[in-house]
$ cat target-v3.cif   # mmCIF, C-alpha atoms
data_model
loop_
_atom_site.label_atom_id
_atom_site.label_comp_id
_atom_site.auth_asym_id
_atom_site.auth_seq_id
_atom_site.Cartn_x
_atom_site.Cartn_y
_atom_site.Cartn_z
CA MET A 14 -0.21 1.09 -5.85
CA ALA A 15 -2.43 3.28 -3.72
CA GLU A 16 -1.43 4.03 -0.15
CA VAL A 17 -4.50 5.56 1.44
CA THR A 18 -4.39 7.61 4.64
CA ILE A 19 -7.68 8.25 6.43
CA TYR A 20 -7.96 10.95 9.08
CA TRP A 21 -10.94 11.06 11.40
CA TYR A 22 -12.51 13.61 13.73
CA GLY A 23 -15.18 12.98 16.36
CA PRO A 24 -18.08 15.23 17.34
CA LYS A 25 -15.93 18.08 18.70
CA ARG A 26 -14.16 19.18 15.57
CA PRO A 27 -13.47 22.21 13.41
CA SER A 28 -15.63 22.97 10.38
CA SER A 29 -15.60 20.43 7.57
CA ARG A 30 -13.42 22.74 5.48
CA GLN A 31 -10.95 23.17 8.31
CA CYS A 32 -10.84 19.41 8.87
CA LEU A 33 -10.11 18.95 5.18
CA VAL A 34 -7.23 21.40 4.88
CA ARG A 35 -5.67 20.40 8.21
CA CYS A 36 -5.65 16.76 7.14
CA ALA A 37 -4.29 17.63 3.70
CA ALA A 38 -1.39 19.41 5.37
CA LEU A 39 -0.80 16.48 7.71
CA PHE A 40 -0.85 14.06 4.79
CA SER A 41 1.81 16.15 3.08
CA GLY A 42 4.00 16.29 6.16
CA GLU A 43 3.17 19.91 6.93
CA SER A 44 1.86 21.51 10.08
CA PRO A 45 -1.93 21.77 10.14
CA GLU A 46 -1.64 25.25 11.68
CA GLY A 47 -2.22 27.87 9.04
CA ALA A 48 -3.12 25.26 6.44
CA GLU A 49 -6.14 27.28 5.27
CA ALA A 50 -3.87 29.76 3.52
CA SER A 51 -1.71 27.26 1.67
CA TRP A 52 -4.41 24.70 0.87
CA PRO A 53 -7.22 26.45 -0.99
CA VAL A 54 -10.08 24.09 -1.80
CA GLU A 55 -12.22 23.97 -4.89
CA ARG A 56 -15.02 21.59 -5.80
CA GLU A 57 -15.82 19.59 -8.87
CA GLU A 58 -19.25 19.88 -10.48
CA ARG A 59 -20.78 17.30 -8.11
CA GLY A 60 -19.05 18.64 -5.04
CA LYS A 61 -15.95 16.47 -4.70
CA PRO A 62 -13.20 18.67 -3.20
CA PHE A 63 -9.77 19.09 -4.73
CA PHE A 64 -6.69 21.21 -4.11
CA PRO A 65 -5.80 23.31 -7.17
CA ASN A 66 -2.36 24.15 -5.75
CA HIS A 67 -1.58 20.51 -4.93
CA PRO A 68 -2.84 18.37 -7.83
CA GLN A 69 -0.80 15.41 -6.58
CA VAL A 70 -2.99 15.14 -3.46
CA HIS A 71 -6.34 13.46 -4.00
CA CYS A 72 -9.04 13.33 -1.36
CA SER A 73 -12.55 12.23 -0.57
CA VAL A 74 -14.61 13.10 2.50
CA THR A 75 -17.52 11.55 4.36
CA HIS A 76 -19.51 12.21 7.50
CA SER A 77 -22.01 10.10 9.36
CA GLY A 78 -23.19 10.01 12.95
CA ASP A 79 -20.55 11.63 15.14
CA TYR A 80 -17.66 11.37 12.71
CA TRP A 81 -15.99 13.20 9.84
CA LEU A 82 -13.44 11.27 7.81
CA GLY A 83 -11.16 12.30 4.98
CA ALA A 84 -9.22 9.89 2.74
CA PHE A 85 -5.99 11.14 1.15
CA CYS A 86 -3.89 9.52 -1.52
CA THR A 87 -1.54 10.32 -4.37
CA GLN A 88 -4.12 8.67 -6.62
CA GLN A 89 -7.84 9.13 -7.01
CA VAL A 90 -9.77 7.84 -4.00
CA GLY A 91 -13.32 7.53 -2.71
CA ILE A 92 -14.52 6.95 0.86
CA ASP A 93 -17.80 6.42 2.65
CA LEU A 94 -18.72 6.02 6.30
CA GLN A 95 -22.24 5.07 7.28
CA ILE A 96 -23.66 4.72 10.76
CA HIS A 97 -26.06 1.84 11.23
CA LYS A 98 -29.43 3.26 12.08
CA PRO A 99 -33.04 2.42 11.42
CA GLY A 100 -34.25 3.13 7.95
CA ARG A 101 -36.35 1.81 5.12
CA LEU A 102 -33.64 -0.65 4.15
CA ALA A 103 -35.78 -2.86 1.92
CA ALA A 104 -37.35 0.15 0.22
CA LEU A 105 -33.97 1.84 -0.26
CA SER A 106 -32.47 -1.34 -1.68
CA HIS A 107 -35.32 -1.85 -4.10
CA ARG A 108 -35.53 1.79 -5.05
CA PHE A 109 -31.87 2.79 -5.46
CA PHE A 110 -29.69 -0.35 -5.71
CA HIS A 111 -28.88 -2.54 -8.69
CA PRO A 112 -31.28 -5.53 -9.01
CA GLU A 113 -28.39 -7.91 -8.33
CA GLU A 114 -27.66 -6.14 -5.06
CA ASP A 115 -31.32 -6.10 -4.12
CA ARG A 116 -31.58 -9.85 -4.75
CA TYR A 117 -28.44 -10.48 -2.71
CA LEU A 118 -29.69 -8.42 0.23
CA GLN A 119 -33.10 -10.06 0.17
CA ARG A 120 -31.44 -13.50 0.25
CA ALA A 121 -29.22 -12.40 3.16
CA GLY A 122 -31.97 -10.67 5.12
CA PHE A 123 -30.36 -7.24 4.55
CA ALA A 124 -27.54 -8.10 6.95
CA ASP A 125 -25.03 -6.59 4.52
CA PHE A 126 -27.08 -3.52 3.69
CA TYR A 127 -24.56 -1.03 5.07
CA ARG A 128 -21.65 -2.77 3.39
CA VAL A 129 -23.43 -2.51 0.05
CA TRP A 130 -24.30 1.11 0.76
CA ALA A 131 -20.79 2.15 1.80
CA ALA A 132 -19.20 0.24 -1.08
CA LYS A 133 -21.48 1.91 -3.63
CA GLU A 134 -20.99 5.37 -2.18
CA SER A 135 -17.23 5.02 -2.05
CA PHE A 136 -17.33 3.89 -5.70
CA VAL A 137 -19.30 6.93 -6.91
CA LYS A 138 -17.19 9.21 -4.71
CA PHE A 139 -14.07 7.85 -6.39
CA SER A 140 -15.20 9.24 -9.72
CA GLY A 141 -16.85 12.27 -8.16
CA GLU A 142 -20.09 11.65 -10.03
CA GLY A 143 -21.98 11.11 -6.76
CA ILE A 144 -25.25 9.33 -6.19
CA GLY A 145 -27.16 11.34 -8.76
CA GLY A 146 -25.28 9.61 -11.57
CA ASN A 147 -25.41 5.88 -12.08
CA PHE A 148 -25.91 4.64 -8.52
CA GLY A 149 -28.33 1.92 -9.57
CA ARG A 150 -26.54 0.95 -12.76
CA PHE A 151 -23.59 -0.93 -11.28
CA SER A 152 -23.48 -3.73 -8.75
CA VAL A 153 -21.06 -4.35 -5.88
CA ALA A 154 -22.65 -7.75 -5.27
CA GLY A 155 -22.69 -10.92 -7.33
CA GLN A 156 -24.04 -14.43 -6.95
CA GLN A 157 -21.50 -15.20 -4.24
CA GLY A 158 -21.93 -12.00 -2.27
CA LEU A 159 -20.01 -8.73 -2.17
CA LEU A 160 -17.43 -8.17 -4.89
CA PRO A 161 -13.87 -7.14 -3.91
CA GLU A 162 -13.63 -4.88 -6.95
CA VAL A 163 -15.82 -3.27 -9.59
CA ASP A 164 -14.59 -2.04 -12.98
CA GLY A 165 -10.99 -2.49 -11.86
CA LEU A 166 -11.48 -0.47 -8.68
CA GLN A 167 -10.91 -2.13 -5.33
CA LEU A 168 -13.42 -1.83 -2.52
CA ARG A 169 -11.72 -2.18 0.85
CA PHE A 170 -13.70 -2.30 4.10
CA VAL A 171 -11.82 -0.77 7.01
CA PRO A 172 -12.71 -1.58 10.63
CA PHE A 173 -13.82 1.59 12.42
CA ARG A 174 -16.29 1.91 15.30
CA CYS A 175 -18.98 -0.66 16.01
CA ASP A 176 -22.26 0.41 14.41
CA TYR A 177 -20.39 2.05 11.53
CA THR A 178 -19.32 0.69 8.15
CA LEU A 179 -16.35 2.26 6.40
CA CYS A 180 -15.29 1.54 2.82
CA VAL A 181 -12.50 2.92 0.65
CA CYS A 182 -12.37 2.71 -3.14
CA ALA A 183 -9.18 3.12 -5.18
CA ARG A 184 -7.17 1.40 -7.87
CA GLU A 185 -4.79 -1.24 -6.48
CA ILE A 186 -4.91 -0.39 -2.78
CA SER A 187 -1.65 -1.40 -1.11
CA SER A 188 -2.33 -0.06 2.39
CA VAL A 189 -4.85 1.89 4.42
CA LEU A 190 -3.75 3.92 7.41
CA LEU A 191 -6.36 5.23 9.85
CA LEU A 192 -5.27 8.18 12.00
CA PRO A 193 -6.95 10.78 14.22
CA GLY A 194 -7.05 14.29 12.81
CA LYS A 195 -5.20 17.05 14.67
CA MET B 16 -47.25 20.97 2.61
CA LEU B 17 -44.59 22.36 4.96
CA GLU B 18 -46.11 20.46 7.88
CA ILE B 19 -46.06 17.19 5.97
CA ILE B 20 -42.41 17.67 5.08
CA GLN B 21 -41.57 18.59 8.67
CA LYS B 22 -43.33 15.43 9.84
CA ILE B 23 -41.47 13.23 7.35
CA ILE B 24 -38.09 14.74 8.23
CA PHE B 25 -38.75 14.34 11.94
CA GLU B 26 -39.88 10.75 11.51
CA VAL B 27 -36.77 9.85 9.48
CA THR B 28 -34.06 11.93 11.14
CA GLY B 29 -35.43 13.14 14.47
CA LYS B 30 -34.68 16.75 13.40
CA SER B 31 -37.39 19.23 14.28
CA GLU B 32 -35.88 22.63 13.47
CA VAL B 33 -37.18 22.72 9.93
CA THR B 34 -38.42 25.78 8.06
CA ILE B 35 -39.07 26.53 4.42
CA ASP B 36 -35.49 27.83 4.12
CA THR B 37 -33.84 24.78 5.67
CA ASP B 38 -31.04 23.27 3.58
CA PHE B 39 -30.88 19.49 4.02
CA VAL B 40 -27.10 19.22 3.96
CA ARG B 41 -25.91 22.59 5.25
CA ASP B 42 -28.46 23.10 8.03
CA LEU B 43 -29.50 19.58 8.99
CA GLU B 44 -26.14 17.94 8.14
CA LEU B 45 -27.90 15.07 6.44
CA ASN B 46 -25.90 12.64 4.34
CA SER B 47 -26.99 10.63 1.31
CA PHE B 48 -28.48 7.84 3.43
CA ASP B 49 -30.70 10.31 5.29
CA VAL B 50 -31.76 12.08 2.10
CA MET B 51 -32.67 8.83 0.37
CA ASN B 52 -34.65 7.70 3.41
CA ILE B 53 -36.59 10.96 3.26
CA VAL B 54 -37.17 10.42 -0.45
CA CYS B 55 -38.58 6.94 0.23
CA ALA B 56 -40.84 8.28 2.97
CA PHE B 57 -42.00 11.13 0.71
CA GLU B 58 -42.73 8.70 -2.12
CA GLU B 59 -44.67 6.43 0.23
CA TYR B 60 -46.73 9.31 1.56
CA PHE B 61 -47.61 10.74 -1.84
CA GLN B 62 -47.67 7.41 -3.68
CA THR B 63 -45.28 8.74 -6.29
CA THR B 64 -41.74 8.24 -7.57
CA ILE B 65 -39.13 10.98 -7.73
CA PRO B 66 -36.62 10.29 -10.51
CA THR B 67 -33.15 9.89 -9.00
CA ARG B 68 -31.81 12.66 -11.24
CA ASP B 69 -34.32 15.03 -9.62
CA VAL B 70 -33.51 14.05 -6.03
CA TRP B 71 -30.21 15.91 -6.05
CA LYS B 72 -31.81 19.13 -7.25
CA LEU B 73 -33.86 19.35 -4.05
CA HIS B 74 -31.51 21.18 -1.72
CA GLN B 75 -33.96 23.02 0.49
CA VAL B 76 -37.42 22.41 1.90
CA ARG B 77 -38.74 25.12 -0.45
CA ASP B 78 -37.44 23.08 -3.42
CA VAL B 79 -39.49 20.06 -2.27
CA ILE B 80 -42.61 22.17 -1.83
CA GLU B 81 -42.16 23.67 -5.28
CA TYR B 82 -41.49 20.22 -6.76
CA ALA B 83 -44.66 18.82 -5.18
CA ARG B 84 -46.70 21.80 -6.37
CA GLU B 85 -45.45 21.49 -9.95
CA ARG B 86 -46.47 17.82 -10.00
CA GLY B 87 -49.85 18.38 -8.42
CA LEU B 88 -49.07 16.33 -5.31
CA GLU B 89 -51.76 17.00 -2.75
CA GLU B 90 -51.60 16.71 1.02
#
$ encode --input "target-v3.cif" --output "structure tokens"
Amino acid sequence: MAEVTIYWYGPKRPSSRQCLVRCAALFSGESPEGAEASWPVEREERGKPFFPNHPQVHCSVTHSGDYWLGAFCTQQVGIDLQIHKPGRLAALSHRFFHPEEDRYLQRAGFADFYRVWAAKESFVKFSGEGIGGNFGRFSVAGQQGLLPEVDGLQLRFVPFRCDYTLCVCAREISSVLLLPGK
Amino acid sequence: MLEIIQKIIFEVTGKSEVTIDTDFVRDLELNSFDVMNIVCAFEEYFQTTIPTRDVWKLHQVRDVIEYARERGLEE
């Protein structure tokens, strides 16, 4: 079972890399001070970060609006935060989403657009393939609405701030803890 | 072409500090949602479609200009 810990930072925060290593240290019960030395970061081909010295710690990061968030777990994990802001929602849905998702959003008047978006992004961030891979080839929506899991991976929406949608993707999520970064 | 791209980026993101060397993620701190909105706006303006696999090769404004030039997209 996956116990996911999410750390968040607001607008006044260290660099993204510093946020990442400080949170990794916190997740592992270490002090965030001096974490840069003991938590070197490398990136997979599509940019997903990992810790070569700590292969048991998996992470995924996201930023949107004023916030940076990092999800940490002892299993593979994906996370996405998206602020709600004006955009070409219908065009984006038609252009980049699966036809099933596009049909669902059209039926629902695009009310769930950001939930579909965050669910899809968290799914592709789980694998690390990113949006350039098969973003439009899988669907997080069915006839009845949003699906709780896709290909055996759970999609869990986590309440955050109003005007933001946050979704975590992992296999068999048992708990999600949301904490401020330090 | 630079002016068109600056106009599109401003319209979509409100960011105005855009030069030919601007990196969408590093300099403008755009995320995937912003980038895809820009792609849609670009496609609308030029009446074209950018294959998704190509979108993620366009890191800087200069990449977009070069991409448009290679495909004969006119202002």
$ resolve_selection --input "target-v3.cif" --expression "the PyMOL selection byres ((chain B) within 7 of (chain A))" --output "list in words"
Asn46, Asn52, Cys55, Thr67, Arg68 and Trp71 of chain B
$ resolve_selection --input "target-v3.cif" --expression "the PyMOL selection byres ((chain B and resi 19) around 12)" --output "list in words"
Met16, Leu17, Glu18, Ile20, Gln21, Lys22, Ile23, Ile24, Phe25, Glu26, Val33, Thr34, Ile35, Ile53, Ala56, Phe57, Tyr60, Phe61, Val76, Val79, Ile80, Ala83, Leu88, Glu89 and Glu90 of chain B
$ atom_distance --input "target-v3.cif" --atom1 "atom CA of A:Ala132" --atom2 "atom CA of B:Thr63"
27.9 Å
$ atom_distance --input "target-v3.cif" --atom1 "atom CA of A:Pro53" --atom2 "atom CA of A:Asn66"
7.2 Å
$ closest_residue --input "target-v3.cif" --among "A:His97, A:His107, A:Arg35, A:Lys25" --to "A:Lys195" --atoms "all atoms listed in the file"
A:Arg35
$ resolve_selection --input "target-v3.cif" --expression "the PyMOL selection byres ((chain A and resi 194) around 7)" --output "PDB file with C-alpha atoms, keeping the file's coordinate frame"
ATOM      1  CA  TYR A  20      -7.960  10.950   9.080  1.00  0.00           C
ATOM      2  CA  TRP A  21     -10.940  11.060  11.400  1.00  0.00           C
ATOM      3  CA  TYR A  22     -12.510  13.610  13.730  1.00  0.00           C
ATOM      4  CA  CYS A  36      -5.650  16.760   7.140  1.00  0.00           C
ATOM      5  CA  LEU A 192      -5.270   8.180  12.000  1.00  0.00           C
ATOM      6  CA  PRO A 193      -6.950  10.780  14.220  1.00  0.00           C
ATOM      7  CA  LYS A 195      -5.200  17.050  14.670  1.00  0.00           C
TER       8      LYS A 195
END
$ atom_distance --input "target-v3.cif" --atom1 "atom CA of A:Gly155" --atom2 "atom CA of A:Phe170"
16.9 Å
$ residues_around --input "target-v3.cif" --residues "A:His71" --least-positions-apart "4" --cutoff "7 Å" --atoms "all atoms listed in the file" --output "JSON, numbers by chain"
{"A": [63, 85, 86, 87, 88, 89, 90]}
$ residues_near_point --input "target-v3.cif" --point "(-9.4, 18.8, 1.3)" --cutoff "12 Å" --atoms "only C-alpha atoms" --output "MDAnalysis selection string"
chainID A and resid 19:20 28:41 45 48:49 51:56 60:68 70:75 82:86
$ residues_around --input "target-v3.cif" --residues "A:Ser187" --least-positions-apart "2" --cutoff "12 Å" --atoms "all atoms listed in the file" --output "ChimeraX atom specification"
/A:14-18,86,88,167-169,181-185,189-190
$ closest_residue --input "target-v3.cif" --among "B:Glu85, B:Gln75, B:Gln62, B:Val70" --to "B:Ser47" --atoms "only C-alpha atoms"
B:Val70
